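Undergrad: Enclosed is the structure file start-v1.cif (mmCIF, C-alpha atoms and all ligand atoms).
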data_data
#
loop_
_atom_site.group_PDB
_atom_site.id
_atom_site.type_symbol
_atom_site.label_atom_id
_atom_site.label_comp_id
_atom_site.auth_asym_id
_atom_site.auth_seq_id
_atom_site.Cartn_x
_atom_site.Cartn_y
_atom_site.Cartn_z
ATOM 1 C CA MET A 236 0.000 0.000 0.000
ATOM 2 C CA ILE A 237 1.280 3.443 -0.929
ATOM 3 C CA VAL A 238 0.926 6.241 1.632
ATOM 4 C CA ALA A 239 0.529 9.624 -0.049
ATOM 5 C CA ARG A 240 1.011 12.756 2.053
ATOM 6 C CA THR A 241 0.472 15.382 -0.626
ATOM 7 C CA ARG A 242 -2.139 16.156 -3.247
ATOM 8 C CA ARG A 243 0.524 15.764 -5.943
ATOM 9 C CA GLU A 244 1.396 12.235 -4.762
ATOM 10 C CA ALA A 245 -2.264 11.218 -4.651
ATOM 11 C CA GLN A 246 -2.900 12.678 -8.110
ATOM 12 C CA ALA A 247 0.207 10.974 -9.551
ATOM 13 C CA TRP A 248 -0.979 7.621 -8.148
ATOM 14 C CA SER A 249 -4.426 8.152 -9.590
ATOM 15 C CA ALA A 250 -3.006 9.143 -12.996
ATOM 16 C CA ALA A 251 -0.905 5.949 -13.007
ATOM 17 C CA GLN A 252 -4.048 3.888 -12.340
ATOM 18 C CA ALA A 253 -5.888 5.651 -15.163
ATOM 19 C CA ALA A 254 -2.950 5.058 -17.519
ATOM 20 C CA GLN A 255 -3.275 1.337 -16.811
ATOM 21 C CA GLY A 256 -7.025 1.427 -17.398
ATOM 22 C CA ARG A 257 -7.851 0.760 -13.746
ATOM 23 C CA ARG A 258 -10.990 2.120 -12.122
ATOM 24 C CA VAL A 259 -10.418 3.628 -8.685
ATOM 25 C CA ALA A 260 -12.889 3.365 -5.801
ATOM 26 C CA PHE A 261 -12.361 5.752 -2.898
ATOM 27 C CA ALA A 262 -13.523 5.406 0.724
ATOM 28 C CA PRO A 263 -12.585 8.513 2.745
ATOM 29 C CA THR A 264 -12.296 8.227 6.543
ATOM 30 C CA MET A 265 -11.259 10.194 9.592
ATOM 31 C CA GLY A 266 -9.299 7.214 10.930
ATOM 32 C CA ALA A 267 -10.206 5.426 14.198
ATOM 33 C CA LEU A 268 -11.076 2.583 11.869
ATOM 34 C CA HIS A 269 -13.432 -0.268 12.707
ATOM 35 C CA ALA A 270 -15.117 -3.106 10.822
ATOM 36 C CA GLY A 271 -17.536 -0.630 9.242
ATOM 37 C CA HIS A 272 -14.681 1.142 7.451
ATOM 38 C CA VAL A 273 -13.226 -2.194 6.360
ATOM 39 C CA SER A 274 -16.607 -3.038 4.809
ATOM 40 C CA LEU A 275 -16.438 0.217 2.781
ATOM 41 C CA ILE A 276 -13.137 -0.945 1.298
ATOM 42 C CA GLY A 277 -14.801 -4.279 0.451
ATOM 43 C CA VAL A 278 -17.702 -2.533 -1.293
ATOM 44 C CA GLY A 279 -15.193 -0.463 -3.287
ATOM 45 C CA ALA A 280 -13.127 -3.535 -4.206
ATOM 46 C CA ALA A 281 -16.219 -5.302 -5.551
ATOM 47 C CA ARG A 282 -16.914 -2.400 -7.930
ATOM 48 C CA ALA A 283 -13.488 -1.169 -9.032
ATOM 49 C CA ASP A 284 -9.992 -2.428 -9.843
ATOM 50 C CA VAL A 285 -8.214 -0.672 -6.985
ATOM 51 C CA VAL A 286 -9.324 0.993 -3.759
ATOM 52 C CA ALA A 287 -7.971 4.180 -2.222
ATOM 53 C CA SER A 288 -8.785 5.497 1.218
ATOM 54 C CA SER A 289 -7.883 8.608 3.168
ATOM 55 C CA ILE A 290 -7.282 9.376 6.815
ATOM 56 C CA PHE A 291 -7.902 13.005 7.693
ATOM 57 C CA VAL A 292 -9.560 14.351 10.832
ATOM 58 C CA ASN A 293 -11.260 17.273 9.167
ATOM 59 C CA PRO A 294 -11.253 20.377 11.395
ATOM 60 C CA THR A 295 -14.019 22.208 9.520
ATOM 61 C CA GLN A 296 -16.680 19.624 10.388
ATOM 62 C CA PHE A 297 -16.125 20.104 14.129
ATOM 63 C CA ALA A 298 -17.518 23.130 15.969
ATOM 64 C CA ALA A 299 -15.739 24.758 18.908
ATOM 65 C CA GLY A 300 -16.364 22.549 21.941
ATOM 66 C CA GLU A 301 -16.752 19.354 19.876
ATOM 67 C CA ASP A 302 -14.228 16.512 20.046
ATOM 68 C CA PHE A 303 -11.715 17.561 17.339
ATOM 69 C CA ALA A 304 -8.749 17.675 19.757
ATOM 70 C CA THR A 305 -9.611 14.376 21.438
ATOM 71 C CA TYR A 306 -10.898 12.483 18.382
ATOM 72 C CA PRO A 307 -9.105 9.098 18.506
ATOM 73 C CA ARG A 308 -5.976 9.138 16.315
ATOM 74 C CA ASP A 309 -3.691 6.124 15.715
ATOM 75 C CA GLU A 310 -2.305 6.350 12.204
ATOM 76 C CA ALA A 311 -0.018 3.288 12.395
ATOM 77 C CA ARG A 312 -2.909 1.043 13.456
ATOM 78 C CA ASP A 313 -5.238 2.562 10.849
ATOM 79 C CA LEU A 314 -2.672 2.102 8.055
ATOM 80 C CA ASP A 315 -2.223 -1.568 9.043
ATOM 81 C CA MET A 316 -5.992 -2.035 8.861
ATOM 82 C CA LEU A 317 -6.251 -0.374 5.449
ATOM 83 C CA ALA A 318 -3.393 -2.486 4.075
ATOM 84 C CA ALA A 319 -4.926 -5.688 5.488
ATOM 85 C CA ALA A 320 -8.276 -4.732 3.899
ATOM 86 C CA GLY A 321 -6.562 -4.588 0.494
ATOM 87 C CA CYS A 322 -6.321 -0.847 0.066
ATOM 88 C CA ALA A 323 -3.799 0.263 -2.584
ATOM 89 C CA LEU A 324 -3.476 3.931 -1.579
ATOM 90 C CA ALA A 325 -3.853 5.668 1.773
ATOM 91 C CA TYR A 326 -3.980 9.442 1.408
ATOM 92 C CA CYS A 327 -2.987 11.034 4.737
ATOM 93 C CA PRO A 328 -2.631 14.759 4.096
ATOM 94 C CA GLU A 329 -1.525 17.419 6.558
ATOM 95 C CA ALA A 330 -4.151 20.090 7.187
ATOM 96 C CA ASP A 331 -2.508 22.667 4.910
ATOM 97 C CA GLU A 332 -2.620 20.257 1.986
ATOM 98 C CA ILE A 333 -6.436 20.349 2.222
ATOM 99 C CA TYR A 334 -6.707 23.928 3.530
ATOM 100 C CA PRO A 335 -3.833 25.890 1.966
ATOM 101 C CA PRO A 336 -2.730 29.149 3.608
ATOM 102 C CA GLY A 337 -5.401 31.791 3.041
ATOM 103 C CA ASP A 338 -8.034 29.156 2.257
ATOM 104 C CA ALA A 339 -11.373 30.944 1.767
ATOM 105 C CA THR A 340 -13.650 28.567 -0.147
ATOM 106 C CA ARG A 341 -16.526 26.563 1.349
ATOM 107 C CA VAL A 342 -19.127 24.253 -0.166
ATOM 108 C CA ARG A 343 -22.656 24.635 1.171
ATOM 109 C CA ILE A 344 -25.525 22.377 0.127
ATOM 110 C CA GLU A 345 -28.741 24.305 0.743
ATOM 111 C CA GLY A 346 -31.750 22.638 2.327
ATOM 112 C CA LEU A 347 -30.335 19.179 2.965
ATOM 113 C CA SER A 348 -27.603 20.574 5.238
ATOM 114 C CA ALA A 349 -29.913 22.489 7.558
ATOM 115 C CA MET A 350 -32.244 19.687 8.712
ATOM 116 C CA LEU A 351 -31.777 16.735 11.137
ATOM 117 C CA GLU A 352 -28.018 16.518 11.901
ATOM 118 C CA GLY A 353 -27.608 20.058 10.583
ATOM 119 C CA GLU A 354 -29.876 21.546 13.256
ATOM 120 C CA PRO A 355 -27.638 21.014 16.290
ATOM 121 C CA ARG A 356 -24.493 21.067 14.089
ATOM 122 C CA PRO A 357 -25.000 23.864 11.529
ATOM 123 C CA HIS A 358 -21.298 23.822 10.538
ATOM 124 C CA PHE A 359 -21.161 20.080 9.945
ATOM 125 C CA PHE A 360 -22.209 19.422 6.356
ATOM 126 C CA GLU A 361 -20.398 22.500 5.044
ATOM 127 C CA GLY A 362 -17.224 21.021 6.540
ATOM 128 C CA VAL A 363 -17.954 17.573 5.123
ATOM 129 C CA ALA A 364 -18.834 18.835 1.632
ATOM 130 C CA THR A 365 -15.775 21.108 1.556
ATOM 131 C CA VAL A 366 -13.337 18.356 2.508
ATOM 132 C CA VAL A 367 -14.942 15.665 0.339
ATOM 133 C CA SER A 368 -14.929 17.907 -2.736
ATOM 134 C CA ARG A 369 -11.190 18.549 -2.195
ATOM 135 C CA LEU A 370 -10.453 14.868 -1.543
ATOM 136 C CA PHE A 371 -12.283 14.034 -4.787
ATOM 137 C CA VAL A 372 -10.059 16.488 -6.674
ATOM 138 C CA HIS A 373 -6.908 15.096 -5.038
ATOM 139 C CA VAL A 374 -7.693 11.365 -5.400
ATOM 140 C CA ARG A 375 -9.772 11.532 -8.629
ATOM 141 C CA PRO A 376 -11.771 8.336 -8.152
ATOM 142 C CA GLN A 377 -14.440 6.946 -10.474
ATOM 143 C CA ILE A 378 -16.442 5.521 -7.545
ATOM 144 C CA ALA A 379 -16.729 6.795 -3.966
ATOM 145 C CA VAL A 380 -18.150 4.749 -1.085
ATOM 146 C CA PHE A 381 -19.814 6.207 2.017
ATOM 147 C CA GLY A 382 -21.521 4.346 4.846
ATOM 148 C CA GLU A 383 -25.302 4.496 5.151
ATOM 149 C CA LYS A 384 -24.783 5.004 8.890
ATOM 150 C CA ASP A 385 -24.364 8.709 8.055
ATOM 151 C CA PHE A 386 -27.356 8.634 5.742
ATOM 152 C CA GLN A 387 -27.753 12.404 5.544
ATOM 153 C CA GLN A 388 -24.049 12.775 4.714
ATOM 154 C CA LEU A 389 -24.560 10.322 1.837
ATOM 155 C CA ALA A 390 -27.529 12.386 0.571
ATOM 156 C CA VAL A 391 -25.505 15.616 0.841
ATOM 157 C CA ILE A 392 -22.593 14.096 -1.100
ATOM 158 C CA ARG A 393 -24.899 12.722 -3.806
ATOM 159 C CA ARG A 394 -26.407 16.217 -4.209
ATOM 160 C CA MET A 395 -22.973 17.868 -4.283
ATOM 161 C CA THR A 396 -21.661 15.357 -6.842
ATOM 162 C CA LEU A 397 -24.636 16.038 -9.119
ATOM 163 C CA ASP A 398 -24.382 19.803 -8.690
ATOM 164 C CA PHE A 399 -20.632 19.986 -9.392
ATOM 165 C CA GLY A 400 -20.917 17.421 -12.190
ATOM 166 C CA PHE A 401 -18.174 15.271 -10.651
ATOM 167 C CA ASP A 402 -17.918 12.150 -12.797
ATOM 168 C CA ILE A 403 -18.022 9.905 -9.738
ATOM 169 C CA GLU A 404 -20.503 7.163 -8.896
ATOM 170 C CA ILE A 405 -21.555 7.534 -5.245
ATOM 171 C CA VAL A 406 -22.229 4.208 -3.544
ATOM 172 C CA GLY A 407 -23.863 3.725 -0.146
ATOM 173 C CA ALA A 408 -22.570 0.810 1.950
ATOM 174 C CA PRO A 409 -24.873 -0.998 4.400
ATOM 175 C CA ILE A 410 -24.497 -0.190 8.107
ATOM 176 C CA ALA A 411 -22.098 -2.530 9.927
ATOM 177 C CA ARG A 412 -23.463 -3.532 13.347
ATOM 178 C CA ASP A 413 -22.318 -5.326 16.439
ATOM 179 C CA ALA A 414 -24.106 -8.618 17.175
ATOM 180 C CA ASP A 415 -26.574 -6.803 19.459
ATOM 181 C CA GLY A 416 -27.529 -4.345 16.692
ATOM 182 C CA LEU A 417 -25.519 -1.263 17.720
ATOM 183 C CA ALA A 418 -24.284 0.512 14.580
ATOM 184 C CA LEU A 419 -20.477 0.656 14.544
ATOM 185 C CA SER A 420 -19.050 4.132 15.095
ATOM 186 C CA SER A 421 -15.645 5.455 16.100
ATOM 187 C CA ARG A 422 -17.433 7.401 18.836
ATOM 188 C CA ASN A 423 -18.798 4.201 20.452
ATOM 189 C CA ALA A 424 -15.379 4.173 22.155
ATOM 190 C CA TYR A 425 -16.695 6.999 24.375
ATOM 191 C CA LEU A 426 -19.495 4.820 25.864
ATOM 192 C CA THR A 427 -19.141 3.522 29.435
ATOM 193 C CA ALA A 428 -19.974 -0.179 30.014
ATOM 194 C CA GLN A 429 -23.388 0.800 31.357
ATOM 195 C CA GLU A 430 -24.123 3.070 28.379
ATOM 196 C CA ARG A 431 -22.902 0.403 25.956
ATOM 197 C CA ALA A 432 -25.551 -1.952 27.390
ATOM 198 C CA ILE A 433 -28.324 0.611 26.734
ATOM 199 C CA ALA A 434 -27.097 1.750 23.285
ATOM 200 C CA PRO A 435 -28.516 -1.176 21.187
ATOM 201 C CA ARG A 436 -32.049 -0.195 22.248
ATOM 202 C CA LEU A 437 -31.886 2.557 19.638
ATOM 203 C CA HIS A 438 -31.692 0.020 16.808
ATOM 204 C CA ALA A 439 -34.320 -2.213 18.442
ATOM 205 C CA GLU A 440 -36.830 0.663 18.687
ATOM 206 C CA LEU A 441 -36.176 1.706 15.081
ATOM 207 C CA GLN A 442 -36.768 -1.862 13.920
ATOM 208 C CA ALA A 443 -40.056 -2.043 15.843
ATOM 209 C CA THR A 444 -41.148 1.302 14.345
ATOM 210 C CA ALA A 445 -40.200 0.293 10.786
ATOM 211 C CA ALA A 446 -42.297 -2.865 11.245
ATOM 212 C CA GLU A 447 -45.279 -0.759 12.416
ATOM 213 C CA ILE A 448 -44.958 1.509 9.363
ATOM 214 C CA ALA A 449 -44.652 -1.493 7.041
ATOM 215 C CA ALA A 450 -47.865 -2.824 8.582
ATOM 216 C CA GLY A 451 -49.673 0.410 7.708
ATOM 217 C CA ALA A 452 -49.034 2.847 10.603
ATOM 218 C CA GLU A 453 -48.831 6.529 9.622
ATOM 219 C CA PRO A 454 -45.050 7.240 9.402
ATOM 220 C CA GLY A 455 -45.001 10.540 11.316
ATOM 221 C CA ALA A 456 -47.162 9.219 14.171
ATOM 222 C CA ALA A 457 -45.111 6.013 14.435
ATOM 223 C CA ALA A 458 -41.880 8.059 14.551
ATOM 224 C CA MET A 459 -43.305 10.270 17.321
ATOM 225 C CA ALA A 460 -44.297 7.220 19.371
ATOM 226 C CA CYS A 461 -40.792 5.821 18.868
ATOM 227 C CA ALA A 462 -39.287 9.119 20.107
ATOM 228 C CA ALA A 463 -41.447 8.919 23.241
ATOM 229 C CA ARG A 464 -40.257 5.363 23.968
ATOM 230 C CA LEU A 465 -36.604 6.332 23.363
ATOM 231 C CA ALA A 466 -36.970 9.342 25.678
ATOM 232 C CA ARG A 467 -37.620 6.938 28.541
ATOM 233 C CA GLN A 468 -34.374 5.054 27.846
ATOM 234 C CA PHE A 469 -31.888 7.716 26.706
ATOM 235 C CA ALA A 470 -30.772 11.025 28.223
ATOM 236 C CA ALA A 471 -32.294 12.966 25.302
ATOM 237 C CA VAL A 472 -33.812 12.366 21.879
ATOM 238 C CA ASP A 473 -32.723 14.856 19.213
ATOM 239 C CA TYR A 474 -35.078 13.468 16.565
ATOM 240 C CA VAL A 475 -36.823 10.410 15.180
ATOM 241 C CA GLU A 476 -38.068 11.101 11.666
ATOM 242 C CA ALA A 477 -39.560 9.160 8.767
ATOM 243 C CA ARG A 478 -38.196 10.836 5.635
ATOM 244 C CA ARG A 479 -37.978 10.316 1.882
ATOM 245 C CA ALA A 480 -34.671 8.574 1.213
ATOM 246 C CA ASP A 481 -33.781 10.871 -1.714
ATOM 247 C CA THR A 482 -34.545 14.411 -0.515
ATOM 248 C CA LEU A 483 -34.976 13.686 3.222
ATOM 249 C CA ALA A 484 -38.259 15.615 3.066
ATOM 250 C CA PRO A 485 -40.901 14.306 5.499
ATOM 251 C CA LEU A 486 -42.443 11.042 4.309
ATOM 252 C CA ALA A 487 -46.139 11.723 3.843
ATOM 253 C CA ALA A 488 -48.672 9.002 4.581
ATOM 254 C CA ASP A 489 -49.462 8.810 0.856
ATOM 255 C CA ASP A 490 -45.779 8.586 -0.263
ATOM 256 C CA GLN A 491 -46.238 4.897 -0.889
ATOM 257 C CA ARG A 492 -44.073 4.579 -3.949
ATOM 258 C CA VAL A 493 -40.919 6.305 -2.723
ATOM 259 C CA ASP A 494 -38.135 4.799 -0.653
ATOM 260 C CA GLY A 495 -38.380 5.920 2.945
ATOM 261 C CA ARG A 496 -35.827 6.093 5.713
ATOM 262 C CA LEU A 497 -36.336 6.177 9.455
ATOM 263 C CA LEU A 498 -33.592 8.307 11.040
ATOM 264 C CA ALA A 499 -32.826 8.987 14.696
ATOM 265 C CA ALA A 500 -30.320 10.689 16.982
ATOM 266 C CA VAL A 501 -30.204 10.277 20.760
ATOM 267 C CA ARG A 502 -27.819 11.255 23.525
ATOM 268 C CA LEU A 503 -26.311 8.869 26.019
ATOM 269 C CA GLY A 504 -23.916 10.391 28.547
ATOM 270 C CA ARG A 505 -21.474 12.494 26.519
ATOM 271 C CA THR A 506 -22.052 10.468 23.360
ATOM 272 C CA ARG A 507 -24.498 11.227 20.584
ATOM 273 C CA LEU A 508 -25.717 8.113 18.773
ATOM 274 C CA ILE A 509 -27.247 8.177 15.296
ATOM 275 C CA ASP A 510 -28.835 5.324 13.402
ATOM 276 C CA ASN A 511 -31.267 4.742 10.543
ATOM 277 C CA LEU A 512 -33.188 2.021 8.729
ATOM 278 C CA ALA A 513 -34.717 1.596 5.285
ATOM 279 C CA LEU A 514 -38.510 1.691 5.279
ATOM 280 C CA PRO A 515 -40.108 -0.786 2.902
ATOM 281 C CA ARG A 516 -42.221 0.673 0.115
ATOM 282 C CA ARG A 517 -45.846 0.332 1.058
ATOM 283 C CA ALA A 518 -47.471 0.403 -2.371
ATOM 284 C CA ASP A 519 -48.465 -3.245 -2.173
ATOM 285 C CA VAL A 520 -49.914 -2.822 1.310
ATOM 286 C CA THR A 521 -52.207 0.149 0.887
ATOM 287 C CA THR A 522 -52.578 1.357 -2.712
ATOM 288 C CA PRO A 523 -56.207 0.965 -3.780
ATOM 289 C CA ALA A 524 -56.811 -0.811 -7.089
ATOM 290 C CA LEU A 525 -57.006 1.549 -10.075
ATOM 291 C CA PRO A 526 -60.544 1.899 -11.505
HETATM 292 O O1 LIG B 601 -17.799 10.011 7.437
HETATM 293 C C1 LIG B 601 -16.664 10.461 7.733
HETATM 294 O O2 LIG B 601 -15.824 9.783 8.320
HETATM 295 C C2 LIG B 601 -16.311 11.902 7.382
HETATM 296 O O3 LIG B 601 -17.419 12.739 7.510
HETATM 297 C C3 LIG B 601 -15.690 12.031 5.971
HETATM 298 C C4 LIG B 601 -16.665 11.634 4.882
HETATM 299 C C5 LIG B 601 -14.432 11.200 5.889
HETATM 300 C C6 LIG B 601 -15.317 13.505 5.725
HETATM 301 O O4 LIG B 601 -14.403 13.969 6.673
#
What would the structure in this file look like if it were written as structure tokens?

TA:
Amino acid sequence: MIVARTRREAQAWSAAQAAQGRRVAFAPTMGALHAGHVSLIGVGAARADVVASSIFVNPTQFAAGEDFATYPRDEARDLDMLAAAGCALAYCPEADEIYPPGDATRVRIEGLSAMLEGEPRPHFFEGVATVVSRLFVHVRPQIAVFGEKDFQQLAVIRRMTLDFGFDIEIVGAPIARDADGLALSSRNAYLTAQERAIAPRLHAELQATAAEIAAGAEPGAAAMACAARLARQFAAVDYVEARRADTLAPLAADDQRVDGRLLAAVRLGRTRLIDNLALPRRADVTTPALP
């Protein structure tokens, strides 16, 4: 595995792949790797000839008071994991490679960035879109893989890719979970043993709610009932929402032919947990026969 530290090195690697007719898949990360990241590399490998990844703890997606300074960093361990997963390039830039001196450009995706995760973290998607657009320019992949765990991030990046006209296929990878259902996250490391025992209830409640909606319950009402149940188990519930999977607009009761997504964020001690589930299309359940 090649470790590139500069944009020029990453671009030279990518140009060499293109010259050999190889398609590059790219799975960006902030390090602190776990099995979920490894699965992104696997999804990339199944769709391309070579896989590149990046490790960069992106300062612009953290607000003051968030965990930028303490975010877990262990580059040697992360590089070993990427190499073992079959990665061909690890791009590990210094901050000024991504944000050159005098940097003044930001990427903002209207609408999608302001809702759900964007409400308590208004800076977040601007930081993500800015860094991902630059990583795309540096690594020049044909395919880019992002986990469905951060479902809104995936939607934001799809929108950005369309709007910029980047010639990159954006692929969502299924959420990797522990055996008890907890979605893998680098921030799970912050959970105490007691909190870790409570955390899987988030997934369990989302599953129960998705089953209610599939059986015909009104999505908004089912999501509200889920929020009330979660509020009894977690320190706080930021949201539980049934949304359209494409635009993340609220899923209306009569949106039976669009893909839906149930998304939630809760707080447990000092950790914020997010999770989401696909909602089955309900056309077969409730659509009346055409005259
Ligand atoms: O999902 C992440 O780890 C980060 O938001 C990403 C996409 C690597 C951008 O910093």

Undergrad: Take the PyMOL selection byres (((not hetatm)) within 10 of (chain B and resi 601)), run it mentally on this structure, and tell me the resulting residues as a PyMOL selection string.

TA: chain A and resi 262-268+272+288-297+359-360+362-368+370+380-386+388-389+392+420-421

Undergrad: Could you work out an axis-aligned box for region 294-310 of chain A, taking every atom the file lists and adding 8 Å on each side, and report centre and edge lengths in Å to one decimal, as AutoDock Vina command-line options?

TA:
--center_x -9.9 --center_y 15.4 --center_z 15.7 --size_x 31.2 --size_y 34.6 --size_z 28.4

Undergrad: Please expand the PyMOL selection byres (((chain A and resi 305-321) around 7) and not hetatm) into the concrete residues it hits in this file, giving the result as a list in words.

TA: Met236, Gly266, Ala267, Leu268, Val273, Ile276, Asp302, Phe303, Ala304, Cys322 and Ala323 of chain A

Undergrad: Pull the closest atom pair for each residue of region 400-450 of chain A that gets at most 12 Å from region 483-495 of chain A, along with the distance in Å to one decimal, counting all atoms listed in the file, ordering rows by chain and then ascending residue number, as a tab-separated table.

TA:
residue	atom	partner	partner_atom	distance
A:Ala445	CA	A:Gly495	CA	9.8
A:Ile448	CA	A:Ala488	CA	9.6
A:Ala449	CA	A:Gln491	CA	10.3

Undergrad: Starting from the displayed file, determine the output of the PyMOL selection byres (((chain A and resi 500) around 10) and not hetatm) and express the residue list as a ChimeraX atom specification.

TA: /A:351-352,437,462,465,471-476,498-499,501-502,507-511

Undergrad: Can you tell me how far CA of Ala458 (chain A) sits from CA of Leu275 (chain A), in Å to one decimal?

TA: 29.1 Å
